[in-house]
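Here the structure is laid out as structure tokens; the discussion comes afterwards.
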Amino acid sequence: MRKLTNILVTGGAGFIGSNFVRVLLNDSAFKGRVINVDKLTYAGNANSLNDVAEAKGDRYIFEHADICDRAKMDEILSKYDIDTIVHLAAESHVDRSIEGPGAFVQTNIVGTFTLLDAARQFWAGKEGVLFHHVSTDEVYGSLGDTGYFTETTPYDPHSPYSASKASSDHLVRAYHDTYGFPITLSNCSNNYGPYQFPEKLIPVMIENMLQRKALPVYGDGKNIRDWLYVEDHNSAVWAIMQNGTLGGSYNIGGENEWENIRLLHELIDIVSEEANINKEELTSLITYVKDRPGHDRRYAIDCDKLKNELGWKQSVTFEEGLRKTVKWYLENREWIEQIQSGEYLKWIELNYSAR
Ligand code: NAD
Ligand code: TYD
């Protein structure tokens with residue numbers, strides 16, 4: 001097992017990153033420090049980790065920085081003597097990548113390159129260091145009715161988001177193959193859970209139900225995604241970082257395929273029960289809208305390599321995970337209101353612009 005001590009988490013104020021920080025600092029076997037580097041875009045909220053910051057003292061450090069800023073990355077690597085990087089920072093939403101691909105090229109490609117190159121220089125001649133790159137199954141493109149993505153499925157991205165992630169994956173592998181740079185890589189299916197920005201399917205639908213707004217279903221609603229609870233994604237990432245083969249890629253998935261429309265009906269049942277709203281009223285909000293351009297039809301993951309090699313398995317059932325998620329959105333109105341109101345952006349101005 002690798003000994004990982006000073007861990008730099010990029011994008012640790014985002015949905016998956018904030019959960020990863022929590023998973024790490026709650027693992028009693030981990031005695032090191034976590035340095036969270038985040039630019040705090042619209043999708044990042046440093047408040048998501050207030051409890052951790054309080055409980056973990058100087059084992060948790062937040063650095064407000066852009067991964068594209070080479071001088072800042074050099075400074076942070078050296079200041080905290082970083083031996084491990086888990087790279088999650090990204091522009092992450094497909095619809096936004098269709099509207100404005102530039103930011104995706106900048107952060108996902110240029111930012112990944114900047115961080116890789118800073119780490120290559122800082123780690124020259126050092127042993128026991130690791131760069132783990134967190135990526136998506138969307139790099140593999142779209143499946144028909146049958147079959148699964150494996151680690152050897154050729155890349156075939158269709159959206160600017162998935163193309164930018166594919167590009168970053170290639171850079172990470174190229175650094176390993178060219179310079180012997182120590183990497184591991186993971187490609188995961190759709191995550192869901194607390195703290196997900198309400199632009200992705202599940203939190204959009206929960207929020208719209210609570211506000212009695214239309215529930216927008218793209219196209220015929222029969223696109224299929226494989227859903228995994230965020231903590232299960234992160235336990236897999238942590239297992240790969242500790243015991244995965246250097247240079248290796250691992251697929252992570254829920255083995256849990258759902259047509260969007262079927263998932264929506266499941267969610268309506270749970271919200272109706274948990275929020276005590278009439279089910280027929282919620283069902284009447286379903287609205288079919290124009291399809292997303294280049295909309296991938298089906299994603300499904302074969303994660304046998306991860307299971308067989310590292311003994312990982314999913315621990316949260318979909319029913320249990322969806323219910324926990326709905327309850328979290330019901331109980332955390334302040335977090336939602338903050339990120340939707342623009343108050344949070346003002347708070348960033350006040351707290352960070354002077355630095
Ligand atoms: P998110 O959008 O919730 O969070 C991204 C975080 O990155 C935010 O905190 C944001 O402020 C930060 N960030 C963006 N640009 C930055 C920059 N230039 N410098 C520093 N920080 C920056 O995303 P997420 O859903 O938590 O996804 C995290 C990672 O996991 C991404 O790399 C994504 O591609 C990957 N992934 C996501 C999913 C999913 O279902 N959400 C599935 C598989 C893989
Ligand atoms: P999304 O959460 O954006 O994830 P991704 O596109 O990365 O898989 O979307 C999941 C699925 O839900 C996808 O097939 C698009 C669909 N979708 C809707 O039908 N309506 C919506 O409002 C959103 C956000 C997504």
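Chain labels run A, B, ... following the order of the structure tokens; each chain numbers its residues from 1, and ligands are numbered from 1 in the order shown.
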
How close does each residue of chain A get to ligand 2, giving the shortest atom pair and distance in Å to one decimal for every residue with an atom at most 9 Å away, counting only C-alpha atoms and all ligand atoms, sorted by chain and residue number, as a tab-separated table?
```
residue	atom	partner	partner_atom_place_in_ligand_line	distance
A:Ser92	CA	ligand 2	7 (O)	7.7
A:His93	CA	ligand 2	3 (O)	6.1
A:Val94	CA	ligand 2	6 (O)	5.5
A:Asp95	CA	ligand 2	3 (O)	6.6
A:Thr136	CA	ligand 2	7 (O)	8.7
A:Glu138	CA	ligand 2	7 (O)	7.3
A:Tyr161	CA	ligand 2	7 (O)	8.6
A:Ser162	CA	ligand 2	7 (O)	8.6
A:Ser189	CA	ligand 2	8 (O)	8.1
A:Asn190	CA	ligand 2	8 (O)	6.0
A:Asn191	CA	ligand 2	2 (O)	8.5
A:Tyr192	CA	ligand 2	2 (O)	8.7
A:Pro198	CA	ligand 2	24 (C)	8.3
A:Glu199	CA	ligand 2	24 (C)	5.5
A:Lys200	CA	ligand 2	2 (O)	3.5
A:Leu201	CA	ligand 2	2 (O)	3.8
A:Ile202	CA	ligand 2	2 (O)	6.6
A:Pro203	CA	ligand 2	2 (O)	8.4
A:Val204	CA	ligand 2	22 (O)	6.2
A:Met205	CA	ligand 2	22 (O)	7.0
A:Leu215	CA	ligand 2	22 (O)	7.0
A:Pro216	CA	ligand 2	22 (O)	4.9
A:Val217	CA	ligand 2	19 (O)	3.7
A:Tyr218	CA	ligand 2	19 (O)	3.8
A:Gly219	CA	ligand 2	19 (O)	7.2
A:Asp220	CA	ligand 2	19 (O)	8.6
A:Gly221	CA	ligand 2	19 (O)	6.1
A:Lys222	CA	ligand 2	14 (O)	8.0
A:Asn223	CA	ligand 2	14 (O)	5.1
A:Ile224	CA	ligand 2	14 (O)	6.4
A:Arg225	CA	ligand 2	8 (O)	6.3
A:Asp226	CA	ligand 2	8 (O)	8.7
A:Glu259	CA	ligand 2	14 (O)	8.2
A:Asn260	CA	ligand 2	12 (O)	5.8
A:Ile261	CA	ligand 2	19 (O)	7.8
A:Tyr288	CA	ligand 2	19 (O)	8.2
A:Val289	CA	ligand 2	19 (O)	8.1
A:Asp291	CA	ligand 2	19 (O)	8.0
A:Arg292	CA	ligand 2	15 (C)	7.3
A:His295	CA	ligand 2	14 (O)	6.8
A:Asp296	CA	ligand 2	14 (O)	7.0
A:Arg297	CA	ligand 2	14 (O)	7.1
A:Arg298	CA	ligand 2	14 (O)	8.0
A:Tyr299	CA	ligand 2	8 (O)	8.1
```

(message) Distance limit 8 Å, reference ligand 1, atoms considered: only C-alpha atoms and all ligand atoms. Which residues make the cut? Give them as a ChimeraX atom specification.
(response) /A:10-18,37-46,64-68,87-93,106-108,111,133-138,165,187-192,195-197,200

Generate a file of the selected residues that holds C-alpha atoms, formatted as a PDB file, in the first residue's frame.
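New file selection.pdb:
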```
ATOM      1  CA  THR A  10      -7.924  20.007  -6.966  1.00  0.00           C
ATOM      2  CA  GLY A  11     -11.592  20.977  -7.246  1.00  0.00           C
ATOM      3  CA  GLY A  12     -12.158  20.100  -3.588  1.00  0.00           C
ATOM      4  CA  ALA A  13     -14.924  22.705  -3.271  1.00  0.00           C
ATOM      5  CA  GLY A  14     -16.986  20.965  -5.952  1.00  0.00           C
ATOM      6  CA  PHE A  15     -19.466  18.119  -5.673  1.00  0.00           C
ATOM      7  CA  ILE A  16     -17.187  15.070  -5.886  1.00  0.00           C
ATOM      8  CA  GLY A  17     -14.084  16.838  -4.577  1.00  0.00           C
ATOM      9  CA  SER A  18     -15.706  18.004  -1.331  1.00  0.00           C
ATOM     10  CA  VAL A  37      -6.940  23.940  -4.388  1.00  0.00           C
ATOM     11  CA  ASP A  38     -10.032  25.426  -5.967  1.00  0.00           C
ATOM     12  CA  LYS A  39     -10.787  28.455  -8.135  1.00  0.00           C
ATOM     13  CA  LEU A  40     -14.330  28.678  -6.736  1.00  0.00           C
ATOM     14  CA  THR A  41     -16.154  28.944 -10.031  1.00  0.00           C
ATOM     15  CA  TYR A  42     -19.962  29.004  -9.961  1.00  0.00           C
ATOM     16  CA  ALA A  43     -19.735  25.247  -9.137  1.00  0.00           C
ATOM     17  CA  GLY A  44     -17.400  25.522  -6.163  1.00  0.00           C
ATOM     18  CA  ASN A  45     -18.485  26.365  -2.641  1.00  0.00           C
ATOM     19  CA  ALA A  46     -15.847  26.448   0.087  1.00  0.00           C
ATOM     20  CA  HIS A  64      -8.059  29.686  -3.538  1.00  0.00           C
ATOM     21  CA  ALA A  65      -6.216  29.245  -6.855  1.00  0.00           C
ATOM     22  CA  ASP A  66      -6.610  28.457 -10.546  1.00  0.00           C
ATOM     23  CA  ILE A  67      -4.893  25.277 -11.770  1.00  0.00           C
ATOM     24  CA  CYS A  68      -3.979  27.184 -14.962  1.00  0.00           C
ATOM     25  CA  HIS A  87      -7.032  15.954  -9.793  1.00  0.00           C
ATOM     26  CA  LEU A  88     -10.773  16.656  -9.908  1.00  0.00           C
ATOM     27  CA  ALA A  89     -10.914  20.353 -10.855  1.00  0.00           C
ATOM     28  CA  ALA A  90     -12.799  20.727 -14.108  1.00  0.00           C
ATOM     29  CA  GLU A  91     -15.629  22.366 -15.922  1.00  0.00           C
ATOM     30  CA  SER A  92     -18.040  19.470 -15.616  1.00  0.00           C
ATOM     31  CA  HIS A  93     -21.401  20.138 -17.247  1.00  0.00           C
ATOM     32  CA  GLN A 106      -8.850  26.112 -20.671  1.00  0.00           C
ATOM     33  CA  THR A 107      -9.424  24.320 -17.371  1.00  0.00           C
ATOM     34  CA  ASN A 108      -9.727  20.701 -18.480  1.00  0.00           C
ATOM     35  CA  GLY A 111      -5.174  23.352 -16.529  1.00  0.00           C
ATOM     36  CA  HIS A 133      -6.532  11.803 -12.577  1.00  0.00           C
ATOM     37  CA  VAL A 134     -10.306  11.665 -12.122  1.00  0.00           C
ATOM     38  CA  SER A 135     -12.152  11.290 -15.411  1.00  0.00           C
ATOM     39  CA  THR A 136     -15.434  10.235 -16.895  1.00  0.00           C
ATOM     40  CA  ASP A 137     -16.919   7.335 -18.867  1.00  0.00           C
ATOM     41  CA  GLU A 138     -18.162   9.943 -21.393  1.00  0.00           C
ATOM     42  CA  LYS A 165     -11.706  15.250 -20.621  1.00  0.00           C
ATOM     43  CA  ASN A 187     -13.176   6.833 -15.565  1.00  0.00           C
ATOM     44  CA  CYS A 188     -16.443   6.909 -13.666  1.00  0.00           C
ATOM     45  CA  SER A 189     -20.113   6.870 -14.593  1.00  0.00           C
ATOM     46  CA  ASN A 190     -22.719   9.474 -13.475  1.00  0.00           C
ATOM     47  CA  ASN A 191     -22.445  10.420  -9.815  1.00  0.00           C
ATOM     48  CA  TYR A 192     -25.247  11.641  -7.586  1.00  0.00           C
ATOM     49  CA  TYR A 195     -23.750  18.974  -2.675  1.00  0.00           C
ATOM     50  CA  GLN A 196     -24.262  18.403  -6.434  1.00  0.00           C
ATOM     51  CA  PHE A 197     -24.814  21.682  -8.247  1.00  0.00           C
ATOM     52  CA  LYS A 200     -27.214  18.017 -13.330  1.00  0.00           C
TER      53      LYS A 200
END
```

(request) Write out as a list in words which residues come within 10 Å of Glu281 (chain A) when counting only C-alpha atoms, dropping same-chain ones fewer than 3 positions away. (result)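 Residues near the query, excluding close chain neighbours: Met209, Arg212, Ile268, Ser272, Ile277, Asn278, Ser284, Leu285 and Ile286 of chain A.
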
Go ahead and write the selection's residues with C-alpha atoms as an mmCIF file, in the first residue's frame.
```cif
data_model
loop_
_atom_site.group_PDB
_atom_site.id
_atom_site.type_symbol
_atom_site.label_atom_id
_atom_site.label_comp_id
_atom_site.auth_asym_id
_atom_site.auth_seq_id
_atom_site.Cartn_x
_atom_site.Cartn_y
_atom_site.Cartn_z
ATOM 1 C CA MET A 209 -40.220 19.498 -7.918
ATOM 2 C CA ARG A 212 -43.335 23.123 -8.684
ATOM 3 C CA ILE A 268 -41.081 11.594 -8.032
ATOM 4 C CA SER A 272 -43.590 12.912 -2.967
ATOM 5 C CA ILE A 277 -46.294 16.533 -2.087
ATOM 6 C CA ASN A 278 -49.055 14.985 -4.150
ATOM 7 C CA SER A 284 -47.962 16.595 -14.227
ATOM 8 C CA LEU A 285 -44.790 18.738 -14.217
ATOM 9 C CA ILE A 286 -42.965 16.345 -16.601
#
```

(request) Using backbone DSSP assignments, extract all strand (DSSP E or B) residues from region 133-291 of chain A; output them as JSON, numbers by chain. (result) {"A": [133, 134, 135, 136, 149, 183, 184, 185, 186, 187, 188, 190, 191, 192, 215, 216, 217, 218, 224, 225, 226, 227, 228, 229, 249, 250, 251, 252, 257, 258, 259, 286, 287, 288, 289]}

(request) Find the residues around region 53-58 of chain A up to 8 Å (only C-alpha atoms counted), leave out those fewer than 3 positions away in its own chain, and share them as a VMD selection string. (result) chain A and resid 25 33 49 to 50 61

(request) Compile the contact shell of Trp328 (chain A) as a VMD selection string: residues with an atom at most 9 Å away, counting only C-alpha atoms, same-chain residues fewer than 4 positions apart removed. (result) chain A and resid 193 to 195 323 to 324 332 to 333

(request) Output as a count of residues only all residues of region 167-249 of chain A that backbone DSSP marks as helix (DSSP H, G or I). (result) 37

(request) Would you please work out which residue, of A:Ile270, A:Lys279, A:Val129, A:Pro293, is nearest to Leu246 (chain A) when using only C-alpha atoms? (result)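 The answer is A:Val129, which sits nearest to Leu246 (chain A).
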
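Ranking A:Val326, A:Val230, A:Ile336, A:Ile109 by their shortest atom-to-atom distance to Gln314 (chain A), with only C-alpha atoms included, puts A:Val230 first.
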
(message) So that I can check the surroundings of Phe149 (chain A), please list as a list in words every protein, DNA and RNA residue that reaches within 10 Å of it, counting only C-alpha atoms and ignoring chain neighbours fewer than 6 positions away.
(response)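 So, after excluding close chain neighbours, the residues are Asp137, Glu138, Val139, Tyr140, Gly141, Ser142, Leu143, Tyr155, Asn187, Asn251, Gly253, Tyr299, Ala300, Ile301, Asp302 and Cys303 of chain A.
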
(message) If we count only C-alpha atoms and set the cut-off at 10 Å, which residues sit around Ala239 (chain A), ignoring sequence neighbours fewer than 2 positions away in its own chain? Please answer as a PyMOL selection string.
(response) chain A and resi 1+234-237+241-244+306+310-312
